[in-house]
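> Supplied structure: work_10.txt, compact mmCIF, C-alpha atoms and all ligand atoms.
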# COMPACT_ATOMS: atom_id res chain seq x y z
CA MET A 1 23.86 19.06 3.54
CA HIS A 2 23.86 20.09 -0.12
CA CYS A 3 21.53 18.93 -2.82
CA GLY A 4 22.08 19.22 -6.56
CA TYR A 5 18.34 19.26 -7.26
CA PHE A 6 17.97 22.24 -4.91
CA ASP A 7 21.05 24.11 -6.10
CA ASN A 8 19.92 23.77 -9.73
CA GLY A 9 16.38 24.94 -8.93
CA ILE A 10 14.89 21.55 -9.87
CA CYS A 11 13.24 20.86 -6.51
CA ARG A 12 12.66 23.41 -3.75
CA SER A 13 10.73 21.24 -1.29
CA CYS A 14 13.50 21.35 1.32
CA THR A 15 13.26 25.07 2.05
CA LEU A 16 16.23 25.05 4.50
CA MET A 17 18.59 23.09 2.23
CA GLY A 18 22.08 24.60 2.51
CA THR A 19 21.44 26.08 5.97
CA PRO A 20 23.78 24.45 8.54
CA TYR A 21 21.91 21.90 10.63
CA ASP A 22 22.55 23.63 13.99
CA VAL A 23 21.20 26.89 12.53
CA GLN A 24 18.07 25.06 11.33
CA VAL A 25 17.42 23.65 14.81
CA ALA A 26 18.10 27.02 16.50
CA GLY A 27 15.55 28.63 14.15
CA LYS A 28 12.91 26.01 14.96
CA LEU A 29 13.51 26.42 18.69
CA ALA A 30 13.19 30.21 18.39
CA HIS A 31 9.94 29.77 16.46
CA ALA A 32 8.52 27.41 19.09
CA ARG A 33 9.69 29.60 21.99
CA GLU A 34 8.01 32.62 20.45
CA LEU A 35 4.71 30.78 20.04
CA LEU A 36 4.85 29.37 23.57
CA SER A 37 6.03 32.64 25.17
CA PRO A 38 2.67 33.15 26.94
CA TRP A 39 3.73 30.23 29.21
CA PRO A 40 7.18 31.36 30.43
CA ASP A 41 7.38 28.88 33.33
CA ALA A 42 7.61 25.80 31.10
CA ASP A 43 10.75 23.71 31.36
CA TRP A 44 12.40 23.19 27.93
CA LEU A 45 14.15 19.85 27.46
CA ALA A 46 17.06 19.45 25.01
CA PRO A 47 15.68 18.85 21.51
CA MET A 48 15.92 15.42 19.92
CA LEU A 49 17.99 15.81 16.77
CA SER A 50 17.80 13.78 13.60
CA ARG A 51 20.43 12.77 11.12
CA PRO A 52 20.23 15.62 8.60
CA SER A 53 20.01 13.39 5.51
CA GLN A 54 18.61 9.94 4.62
CA PHE A 55 15.99 10.13 7.37
CA ARG A 56 12.67 9.88 5.49
CA ASN A 57 11.06 6.44 5.55
CA ARG A 58 8.49 7.32 2.91
CA ALA A 59 8.80 8.48 -0.71
CA LYS A 60 5.93 9.96 -2.68
CA MET A 61 7.11 9.95 -6.28
CA VAL A 62 5.02 11.43 -9.08
CA VAL A 63 5.55 9.41 -12.24
CA GLY A 64 6.25 11.13 -15.56
CA GLY A 65 8.10 10.36 -18.78
CA THR A 66 7.10 7.39 -20.90
CA ALA A 67 6.35 3.73 -20.20
CA GLY A 68 9.76 2.85 -21.63
CA ASN A 69 11.59 5.57 -19.75
CA PRO A 70 9.61 6.67 -16.68
CA THR A 71 10.70 9.43 -14.31
CA LEU A 72 10.04 9.15 -10.56
CA GLY A 73 10.00 12.47 -8.74
CA ILE A 74 7.96 15.60 -9.34
CA LEU A 75 6.36 17.48 -12.22
CA ASP A 76 7.89 20.71 -13.51
CA ALA A 77 6.02 23.94 -14.32
CA ALA A 78 4.93 22.44 -17.67
CA ARG A 79 3.63 19.36 -15.77
CA GLU A 80 6.32 17.12 -17.28
CA GLY A 81 8.14 14.53 -15.16
CA VAL A 82 11.41 15.33 -13.38
CA ASP A 83 13.53 12.56 -11.92
CA LEU A 84 14.37 12.86 -8.20
CA THR A 85 15.51 9.32 -7.48
CA GLY A 86 18.75 10.61 -5.93
CA CYS A 87 16.87 12.67 -3.29
CA GLY A 88 19.23 12.85 -0.30
CA ILE A 89 16.63 13.03 2.47
CA LEU A 90 15.23 9.61 1.54
CA ALA A 91 16.43 6.47 3.32
CA PRO A 92 19.02 4.60 1.20
CA GLY A 93 16.73 1.55 0.93
CA LEU A 94 14.10 3.67 -0.81
CA ARG A 95 16.61 5.12 -3.26
CA ALA A 96 18.01 1.69 -4.10
CA ALA A 97 14.49 0.47 -4.93
CA PHE A 98 13.74 3.09 -7.59
CA ALA A 99 15.78 1.52 -10.42
CA PRO A 100 14.09 -1.92 -10.16
CA ILE A 101 10.69 -0.20 -9.87
CA ALA A 102 11.36 1.92 -13.00
CA ALA A 103 12.49 -1.23 -14.84
CA PHE A 104 9.26 -2.95 -13.78
CA ILE A 105 7.14 -0.02 -15.05
CA ALA A 106 8.89 -0.35 -18.42
CA ARG A 107 8.56 -4.15 -18.50
CA ALA A 108 4.85 -4.09 -17.62
CA ARG A 109 4.29 -1.17 -20.04
CA ILE A 110 2.46 0.99 -17.49
CA THR A 111 2.04 4.36 -19.18
CA PRO A 112 2.71 7.29 -16.84
CA TYR A 113 -0.20 9.65 -16.48
CA HIS A 114 0.34 12.85 -18.47
CA VAL A 115 -1.40 15.75 -16.76
CA PRO A 116 -1.58 18.19 -19.74
CA THR A 117 -3.31 15.65 -22.02
CA ARG A 118 -5.01 13.66 -19.22
CA ARG A 119 -3.73 10.46 -20.83
CA GLY A 120 -1.99 7.48 -19.28
CA GLU A 121 -2.41 5.41 -16.16
CA LEU A 122 0.34 5.57 -13.54
CA LYS A 123 0.15 8.68 -11.37
CA ASN A 124 2.31 8.03 -8.30
CA VAL A 125 4.61 5.48 -6.75
CA LEU A 126 4.40 5.45 -2.95
CA LEU A 127 7.14 3.59 -1.14
CA THR A 128 7.64 3.07 2.60
CA GLU A 129 10.61 1.42 4.28
CA ALA A 130 10.39 -0.37 7.63
CA PRO A 131 13.34 -0.05 10.04
CA ASP A 132 14.41 -3.61 9.10
CA GLY A 133 14.53 -2.70 5.40
CA ALA A 134 11.23 -4.30 4.33
CA LEU A 135 9.28 -2.25 1.78
CA MET A 136 5.67 -1.39 1.00
CA LEU A 137 5.10 -0.36 -2.61
CA ARG A 138 1.89 1.17 -3.93
CA PHE A 139 1.15 2.01 -7.57
CA VAL A 140 -1.45 4.79 -7.82
CA LEU A 141 -3.31 4.18 -11.09
CA ARG A 142 -6.16 5.86 -12.88
CA SER A 143 -7.85 2.55 -13.69
CA THR A 144 -7.32 -1.21 -13.53
CA GLU A 145 -6.21 -1.30 -17.20
CA PRO A 146 -2.57 -2.26 -16.43
CA LEU A 147 -3.50 -4.63 -13.58
CA GLY A 148 -3.17 -7.84 -15.65
CA ARG A 149 0.34 -6.89 -16.79
CA ILE A 150 1.31 -5.85 -13.26
CA ARG A 151 0.25 -9.25 -11.93
CA LYS A 152 2.05 -11.04 -14.78
CA HIS A 153 5.40 -9.28 -14.21
CA LEU A 154 5.18 -9.11 -10.40
CA PRO A 155 7.30 -12.26 -9.82
CA THR A 156 10.24 -10.61 -11.61
CA LEU A 157 9.88 -7.46 -9.50
CA LEU A 158 9.79 -9.56 -6.33
CA ALA A 159 12.93 -11.37 -7.45
CA ASP A 160 14.68 -8.06 -8.22
CA LEU A 161 13.52 -6.46 -4.99
CA PRO A 162 13.26 -9.18 -2.32
CA ALA A 163 12.65 -6.56 0.42
CA LEU A 164 9.12 -6.03 -0.94
CA ALA A 165 6.71 -7.17 1.79
CA VAL A 166 3.58 -5.39 0.56
CA VAL A 167 2.60 -4.44 -2.99
CA THR A 168 -0.70 -2.82 -3.87
CA VAL A 169 -2.51 -0.90 -6.56
CA ASN A 170 -4.41 2.18 -5.44
CA LEU A 171 -7.11 3.56 -7.74
CA LEU A 172 -7.43 7.30 -8.28
CA PRO A 173 -9.77 7.72 -11.28
CA GLU A 174 -10.36 11.47 -10.82
CA HIS A 175 -8.11 14.13 -12.36
CA LYS A 176 -7.32 15.50 -8.92
CA ALA A 177 -4.01 16.75 -7.50
CA VAL A 178 -4.17 14.32 -4.59
CA LEU A 179 -1.81 11.52 -3.73
CA GLU A 180 -4.09 8.51 -3.61
CA GLY A 181 -7.66 7.31 -4.01
CA GLU A 182 -10.07 5.32 -1.86
CA GLU A 183 -9.76 1.85 -3.37
CA GLU A 184 -6.77 -0.36 -2.64
CA ILE A 185 -6.11 -3.68 -4.39
CA MET A 186 -3.76 -5.86 -2.36
CA LEU A 187 -1.31 -7.85 -4.52
CA VAL A 188 1.35 -9.01 -2.03
CA GLY A 189 1.18 -9.07 1.80
CA GLU A 190 -1.16 -7.17 4.11
CA THR A 191 0.86 -5.03 6.49
CA LEU A 192 4.38 -3.64 6.75
CA ARG A 193 5.89 -4.53 10.13
CA MET A 194 7.43 -1.34 11.56
CA ARG A 195 9.55 -2.49 14.50
CA LEU A 196 10.38 0.40 16.85
CA ASP A 197 12.00 -0.26 20.24
CA GLY A 198 11.09 -3.94 20.00
CA ILE A 199 7.41 -3.17 19.41
CA VAL A 200 5.99 -4.15 16.02
CA LEU A 201 3.48 -1.68 14.60
CA HIS A 202 1.55 -3.11 11.67
CA LEU A 203 1.13 -0.53 8.92
CA ARG A 204 -1.54 -0.89 6.25
CA PRO A 205 -1.34 1.00 2.94
CA ALA A 206 -3.32 4.19 3.59
CA SER A 207 -2.52 4.63 7.29
CA PHE A 208 -0.42 7.42 8.77
CA PHE A 209 3.09 6.70 10.05
CA GLN A 210 5.65 9.14 11.48
CA THR A 211 8.03 9.86 8.58
CA ASN A 212 11.32 9.63 10.48
CA SER A 213 11.94 6.15 11.93
CA ASP A 214 14.78 7.41 14.19
CA ILE A 215 12.72 10.18 15.77
CA ALA A 216 9.42 8.25 16.09
CA PRO A 217 10.61 5.94 18.90
CA GLY A 218 12.06 8.96 20.74
CA LEU A 219 8.65 10.57 20.57
CA TYR A 220 6.88 7.49 21.89
CA ARG A 221 9.48 7.02 24.68
CA GLN A 222 9.13 10.62 25.82
CA ALA A 223 5.35 10.34 26.08
CA ARG A 224 5.66 7.06 27.98
CA ASP A 225 8.20 8.56 30.41
CA TRP A 226 5.87 11.47 31.25
CA ILE A 227 2.92 9.08 31.66
CA ASP A 228 5.06 6.82 33.91
CA GLU A 229 6.13 9.78 36.04
CA VAL A 230 2.53 10.55 37.02
CA ASP A 231 1.84 6.82 37.37
CA ALA A 232 -1.36 7.03 35.28
CA ARG A 233 -3.55 3.95 35.66
CA SER A 234 -5.76 4.77 32.71
CA VAL A 235 -4.66 6.49 29.51
CA TRP A 236 -6.35 7.51 26.28
CA ASP A 237 -4.35 7.87 23.06
CA LEU A 238 -6.43 10.16 20.83
CA TYR A 239 -5.67 10.30 17.08
CA CYS A 240 -3.80 7.06 17.72
CA GLY A 241 -3.14 6.00 14.10
CA VAL A 242 -1.67 2.48 14.15
CA GLY A 243 -1.11 2.77 17.90
CA GLY A 244 2.51 3.92 18.41
CA PHE A 245 1.87 5.99 21.54
CA ALA A 246 -0.63 3.53 23.02
CA LEU A 247 1.57 0.46 22.61
CA HIS A 248 4.62 2.24 24.03
CA ALA A 249 2.59 3.49 27.02
CA ALA A 250 1.49 -0.04 28.00
CA ALA A 251 2.49 -1.06 31.54
CA PRO A 252 1.35 -3.59 34.14
CA GLY A 253 -1.76 -2.32 35.93
CA ARG A 254 -2.44 0.36 33.31
CA SER A 255 -5.24 0.36 30.75
CA VAL A 256 -4.68 2.24 27.51
CA HIS A 257 -7.37 3.01 24.95
CA GLY A 258 -6.67 4.44 21.50
CA VAL A 259 -9.22 6.30 19.36
CA GLU A 260 -8.71 6.83 15.64
CA VAL A 261 -11.03 7.77 12.77
CA SER A 262 -9.47 5.34 10.25
CA ASP A 263 -10.77 1.81 10.69
CA PRO A 264 -7.86 0.08 8.86
CA ALA A 265 -5.44 1.86 11.25
CA VAL A 266 -7.48 0.62 14.21
CA GLN A 267 -7.40 -2.94 12.82
CA SER A 268 -3.60 -2.66 12.56
CA ALA A 269 -3.30 -1.33 16.11
CA ARG A 270 -5.43 -4.19 17.45
CA LEU A 271 -3.28 -6.73 15.62
CA SER A 272 -0.10 -5.19 17.06
CA ALA A 273 -1.53 -5.23 20.61
CA ALA A 274 -2.61 -8.86 20.24
CA GLU A 275 0.80 -9.92 18.91
CA ALA A 276 2.54 -8.05 21.74
CA GLY A 277 0.29 -9.85 24.28
CA LEU A 278 -1.20 -6.60 25.62
CA PRO A 279 -4.91 -7.21 26.40
CA ASP A 280 -5.14 -3.93 28.35
CA VAL A 281 -4.33 -1.92 25.25
CA THR A 282 -7.57 -1.52 23.29
CA PHE A 283 -8.65 0.58 20.33
CA SER A 284 -11.84 1.91 18.83
CA THR A 285 -12.77 3.63 15.61
CA GLY A 286 -14.27 7.06 16.16
CA ASP A 287 -14.05 10.81 16.01
CA ALA A 288 -11.84 12.03 18.86
CA THR A 289 -13.44 15.48 18.79
CA ARG A 290 -16.83 13.94 19.71
CA LEU A 291 -15.60 12.21 22.85
CA ASP A 292 -17.49 12.54 26.08
CA ALA A 293 -15.03 12.72 28.96
CA ALA A 294 -17.56 11.53 31.58
CA ASP A 295 -15.35 8.50 32.39
CA SER A 296 -12.20 10.48 31.96
CA PRO A 297 -8.90 8.65 32.31
CA ASP A 298 -5.93 9.82 34.42
CA ALA A 299 -3.97 10.89 31.36
CA VAL A 300 -4.59 11.64 27.70
CA ILE A 301 -2.09 11.61 24.84
CA VAL A 302 -3.16 13.61 21.79
CA ASN A 303 -1.41 13.70 18.40
CA PRO A 304 -3.79 15.43 15.97
CA PRO A 305 -3.21 16.40 12.33
CA ARG A 306 -1.93 19.93 11.59
CA ARG A 307 -5.33 21.50 12.29
CA GLY A 308 -4.98 20.65 16.00
CA LEU A 309 -7.66 19.66 18.53
CA GLY A 310 -10.13 22.49 17.95
CA ASP A 311 -12.45 24.22 20.38
CA ARG A 312 -14.79 21.34 21.03
CA LEU A 313 -12.21 18.78 22.19
CA CYS A 314 -10.30 21.45 24.14
CA ALA A 315 -13.51 22.38 25.97
CA THR A 316 -14.25 18.71 26.73
CA LEU A 317 -10.76 18.11 28.10
CA ASP A 318 -10.71 21.38 30.03
CA ALA A 319 -13.94 20.42 31.84
CA SER A 320 -12.84 16.80 32.40
CA GLY A 321 -11.17 15.03 35.31
CA VAL A 322 -8.02 14.30 33.25
CA SER A 323 -4.97 15.30 35.31
CA THR A 324 -2.28 14.98 32.61
CA ILE A 325 -2.26 15.75 28.90
CA VAL A 326 0.69 14.86 26.66
CA TYR A 327 0.23 16.74 23.39
CA SER A 328 2.45 15.91 20.41
CA SER A 329 2.02 18.23 17.45
CA CYS A 330 3.50 18.83 14.00
CA ASN A 331 2.14 22.39 14.01
CA ALA A 332 3.19 24.63 16.90
CA LEU A 333 0.71 27.31 15.77
CA THR A 334 -2.36 25.16 16.44
CA LEU A 335 -0.67 23.68 19.51
CA ALA A 336 -0.29 27.16 21.03
CA ARG A 337 -3.89 28.00 20.13
CA ASP A 338 -5.11 24.76 21.78
CA ILE A 339 -3.05 25.31 24.96
CA ALA A 340 -4.69 28.74 25.27
CA ALA A 341 -8.07 26.95 25.03
CA LEU A 342 -7.10 24.68 27.96
CA PRO A 343 -6.88 27.23 30.82
CA ALA A 344 -7.37 24.54 33.49
CA TYR A 345 -3.93 23.15 32.57
CA ALA A 346 -0.42 24.46 33.20
CA LEU A 347 2.30 23.98 30.60
CA LYS A 348 5.06 22.11 32.44
CA ARG A 349 7.48 20.81 29.85
CA VAL A 350 8.30 21.20 26.18
CA ARG A 351 10.53 19.20 23.87
CA LEU A 352 11.20 19.69 20.18
CA PHE A 353 11.75 16.64 17.96
CA ASP A 354 13.40 17.38 14.63
CA MET A 355 11.27 15.02 12.57
CA PHE A 356 11.69 16.99 9.32
CA PRO A 357 15.28 18.28 8.79
CA GLN A 358 15.93 20.61 5.83
CA THR A 359 12.43 22.09 6.22
CA GLU A 360 10.91 24.57 8.65
CA HIS A 361 8.65 21.87 10.06
CA TYR A 362 9.19 20.14 13.37
CA GLU A 363 7.34 17.99 15.89
CA ILE A 364 6.85 19.40 19.38
CA MET A 365 5.60 17.64 22.49
CA VAL A 366 4.31 19.27 25.65
CA LEU A 367 3.30 18.08 29.09
CA LEU A 368 0.22 19.79 30.54
CA THR A 369 -0.94 19.19 34.10
CA ARG A 370 -4.21 20.22 35.69
CA ARG A 371 -3.80 23.28 37.94
C1 LIG B 1 -0.54 12.97 13.16
S1 LIG B 1 -1.36 11.46 12.88
C2 LIG B 1 -0.94 10.61 14.38
C3 LIG B 1 -0.99 9.12 14.36
C4 LIG B 1 -0.36 8.40 15.53
N1 LIG B 1 -0.50 9.09 16.78
C5 LIG B 1 1.08 8.03 15.27
O1 LIG B 1 1.96 8.37 16.06
O2 LIG B 1 1.35 7.38 14.25
C6 LIG B 1 -3.02 11.92 13.12
C7 LIG B 1 -4.03 10.78 13.06
O3 LIG B 1 -5.32 11.31 13.41
C8 LIG B 1 -6.31 10.65 12.66
N2 LIG B 1 -7.50 11.52 12.73
C9 LIG B 1 -7.77 12.63 12.01
N3 LIG B 1 -8.91 13.19 12.44
C10 LIG B 1 -9.38 12.44 13.46
C11 LIG B 1 -10.49 12.52 14.34
N4 LIG B 1 -11.39 13.51 14.23
N5 LIG B 1 -10.65 11.58 15.29
C12 LIG B 1 -9.75 10.57 15.42
N6 LIG B 1 -8.66 10.44 14.62
C13 LIG B 1 -8.47 11.36 13.66
C14 LIG B 1 -5.65 10.45 11.32
O4 LIG B 1 -6.28 9.40 10.61
C15 LIG B 1 -4.20 10.12 11.70
O5 LIG B 1 -4.02 8.73 11.87
Would you mind giving the structure from this file in structure tokens?
Ligand SMILES: C[S@@+](CC[C@H](N)C(=O)[O-])C[C@H]1O[C@@H](n2cnc3c(N)ncnc32)[C@H](O)[C@@H]1O

Amino acid sequence: MHCGYFDNGICRSCTLMGTPYDVQVAGKLAHARELLSPWPDADWLAPMLSRPSQFRNRAKMVVGGTAGNPTLGILDAAREGVDLTGCGILAPGLRAAFAPIAAFIARARITPYHVPTRRGELKNVLLTEAPDGALMLRFVLRSTEPLGRIRKHLPTLLADLPALAVVTVNLLPEHKAVLEGEEEIMLVGETLRMRLDGIVLHLRPASFFQTNSDIAPGLYRQARDWIDEVDARSVWDLYCGVGGFALHAAAPGRSVHGVEVSDPAVQSARLSAAEAGLPDVTFSTGDATRLDAADSPDAVIVNPPRRGLGDRLCATLDASGVSTIVYSSCNALTLARDIAALPAYALKRVRLFDMFPQTEHYEIMVLLTRR
């Protein structure tokens, strides 16, 4: 894949842009093999490959320019807006939505936030596309000043962009280089329905979702297959987010319990389980690292953020009665560190999922069984 923004030095986010896709995947595999070389007996499954372009289901666009002529993209070295609406890794439905959104910003006179002068309101536009094309749009604002005009012009935006299922305003009053703030004002809808493999996962505005809607179901299927193989009767899904692993692992005679620190994500997961008619799939809000494995299940699925599980949870699991761990990670460095902290387990299988083409990042899933 080639990208004009990359070639012209406008955006360098995709660090592997221009490298042939097979070379990218070979490099990621070599990186993972090196990190997991202390466990040479592991069986490596063929990697799951992505389409190399148009795979991202989520756009995080920094807004620059003027109210009349906004840019959606990034900020340059001088902190001025640069348009990236033609970004080739974004799903086509996201790209098609940018023009109506920019027209709406102009119509509702929402002044983009200008970092050098700390003036203006609109900081970011966050857009997520469901596999069926439905969209969730979030305007990250410094204050509620434009809210009246947003409400007034919203019907026109909805007419221009009928795929919009959820529209919100997120408030980020601080001058911080973060994506979003704590407060969310719901304007249209509640959740985006992310249908994967026939299972609907309800996504609320600030919750995590895997960024590649083709790879995500492959990830969930792989975990379910390994759990099925050992015929686990009880399963925990730690760091469960909106419940993708848990809902896919559901089976007759099996109880699944998800634990997640974000309460809105847990509410979404519960809604999805109820709609799917799965009473044996339950969720609770909590800190996975503080779990007590006294009533340990047969199997545990873990999918932590980049920092990994850490010493405490590894020690709890290592001393538990859990026979199988399925560990899905977006950071093979912390994964390798955590496996080393789980000496009671043997690394049986490894599979790479190319969730993030054009970058050095990848998702990797391993099967660990108690020795
Ligand atoms: C990589 S995401 C995985 C989400 C989910 N497994 C999925 O497939 O969508 C990591 C999740 O861990 C949650 N999280 C972070 N720290 C946590 C903790 N200490 N205990 C429980 N959940 C945590 C985050 O809110 C986020 O939803």
> Just give me the gap between CA of Glu174 (chain A) and CA of His114 (chain A) in Å, one decimal is fine.
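Between CA of Glu174 (chain A) and CA of His114 (chain A) the gap works out to 13.2 Å.
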> Distance cut-off 12 Å, centre (-16.2, 17.8, 37.5) in file coordinates, counting only C-alpha atoms: which residues qualify? Return them as a list in words.
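Every residue inside that radius is included here: Ala293, Ala294, Asp295, Ser296, Thr316, Leu317, Asp318, Ala319, Ser320, Gly321, Val322, Ser323 and Ala344 of chain A.
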> Could you tell me which of A:Thr282, A:Thr168, A:Thr369, A:Thr128 comes closest to Ser268 (chain A) if we count all atoms listed in the file?
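When distances to Ser268 (chain A) are compared using all atoms listed in the file, the smallest one comes from A:Thr282.
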> Please identify all polymer residues within 12 Å of region 28-44 of chain A, counting all atoms listed in the file, omitting same-chain residues fewer than 2 positions from it, and present them as a ChimeraX atom specification.
/A:16,21-26,46-49,329-340,343,345-369
> Compare A:Ala265, A:Met17, A:Ala288, A:Val326 by their minimum atom-to-atom distance to ligand LIG 1 (chain B), counting all atoms listed in the file, and give me the closest one.
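Closest to ligand LIG 1 (chain B) of all the choices is A:Ala288.
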> Once you count all atoms listed in the file, what closest atom pair and distance in Å to one decimal does each residue of chain A within 7 Å of ligand LIG 1 (chain B) have, with rows by chain and rising residue number, as a Markdown table?

| residue | atom | partner | partner_atom | distance |
| --- | --- | --- | --- | --- |
| A:Ser207 | CA | B:LIG1 | O5 | 6.3 |
| A:Phe208 | CA | B:LIG1 | O5 | 4.9 |
| A:Phe209 | CA | B:LIG1 | O2 | 4.6 |
| A:Gln210 | CA | B:LIG1 | O2 | 5.4 |
| A:Leu238 | CA | B:LIG1 | C12 | 6.4 |
| A:Tyr239 | CA | B:LIG1 | O3 | 3.8 |
| A:Cys240 | CA | B:LIG1 | N1 | 4.0 |
| A:Gly241 | CA | B:LIG1 | O5 | 3.6 |
| A:Val242 | CA | B:LIG1 | O2 | 5.8 |
| A:Gly243 | CA | B:LIG1 | C4 | 6.2 |
| A:Gly244 | CA | B:LIG1 | O1 | 5.1 |
| A:Phe245 | CA | B:LIG1 | O1 | 6.0 |
| A:Val259 | CA | B:LIG1 | C12 | 5.8 |
| A:Glu260 | CA | B:LIG1 | N6 | 3.8 |
| A:Val261 | CA | B:LIG1 | N6 | 4.0 |
| A:Ser262 | CA | B:LIG1 | O4 | 5.2 |
| A:Gly286 | CA | B:LIG1 | C12 | 5.8 |
| A:Asp287 | CA | B:LIG1 | N5 | 3.6 |
| A:Ala288 | CA | B:LIG1 | N5 | 3.8 |
| A:Thr289 | CA | B:LIG1 | N4 | 5.4 |
| A:Asn303 | CA | B:LIG1 | N1 | 5.0 |
| A:Pro304 | CA | B:LIG1 | C6 | 4.6 |
| A:Pro305 | CA | B:LIG1 | C1 | 4.4 |
> Can you work out the spacing between CA of Val166 (chain A) and CA of Ile105 (chain A) in Å, to one decimal?
16.9 Å
> Rank A:Ala108, A:Leu90, A:Val115, A:Leu161 by their smallest atom-to-atom distance to Pro146 (chain A), using all atoms listed in the file, and report the top residue only.
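Checking each of A:Ala108, A:Leu90, A:Val115, A:Leu161 against Pro146 (chain A), counting all atoms listed in the file, the winner is A:Ala108.
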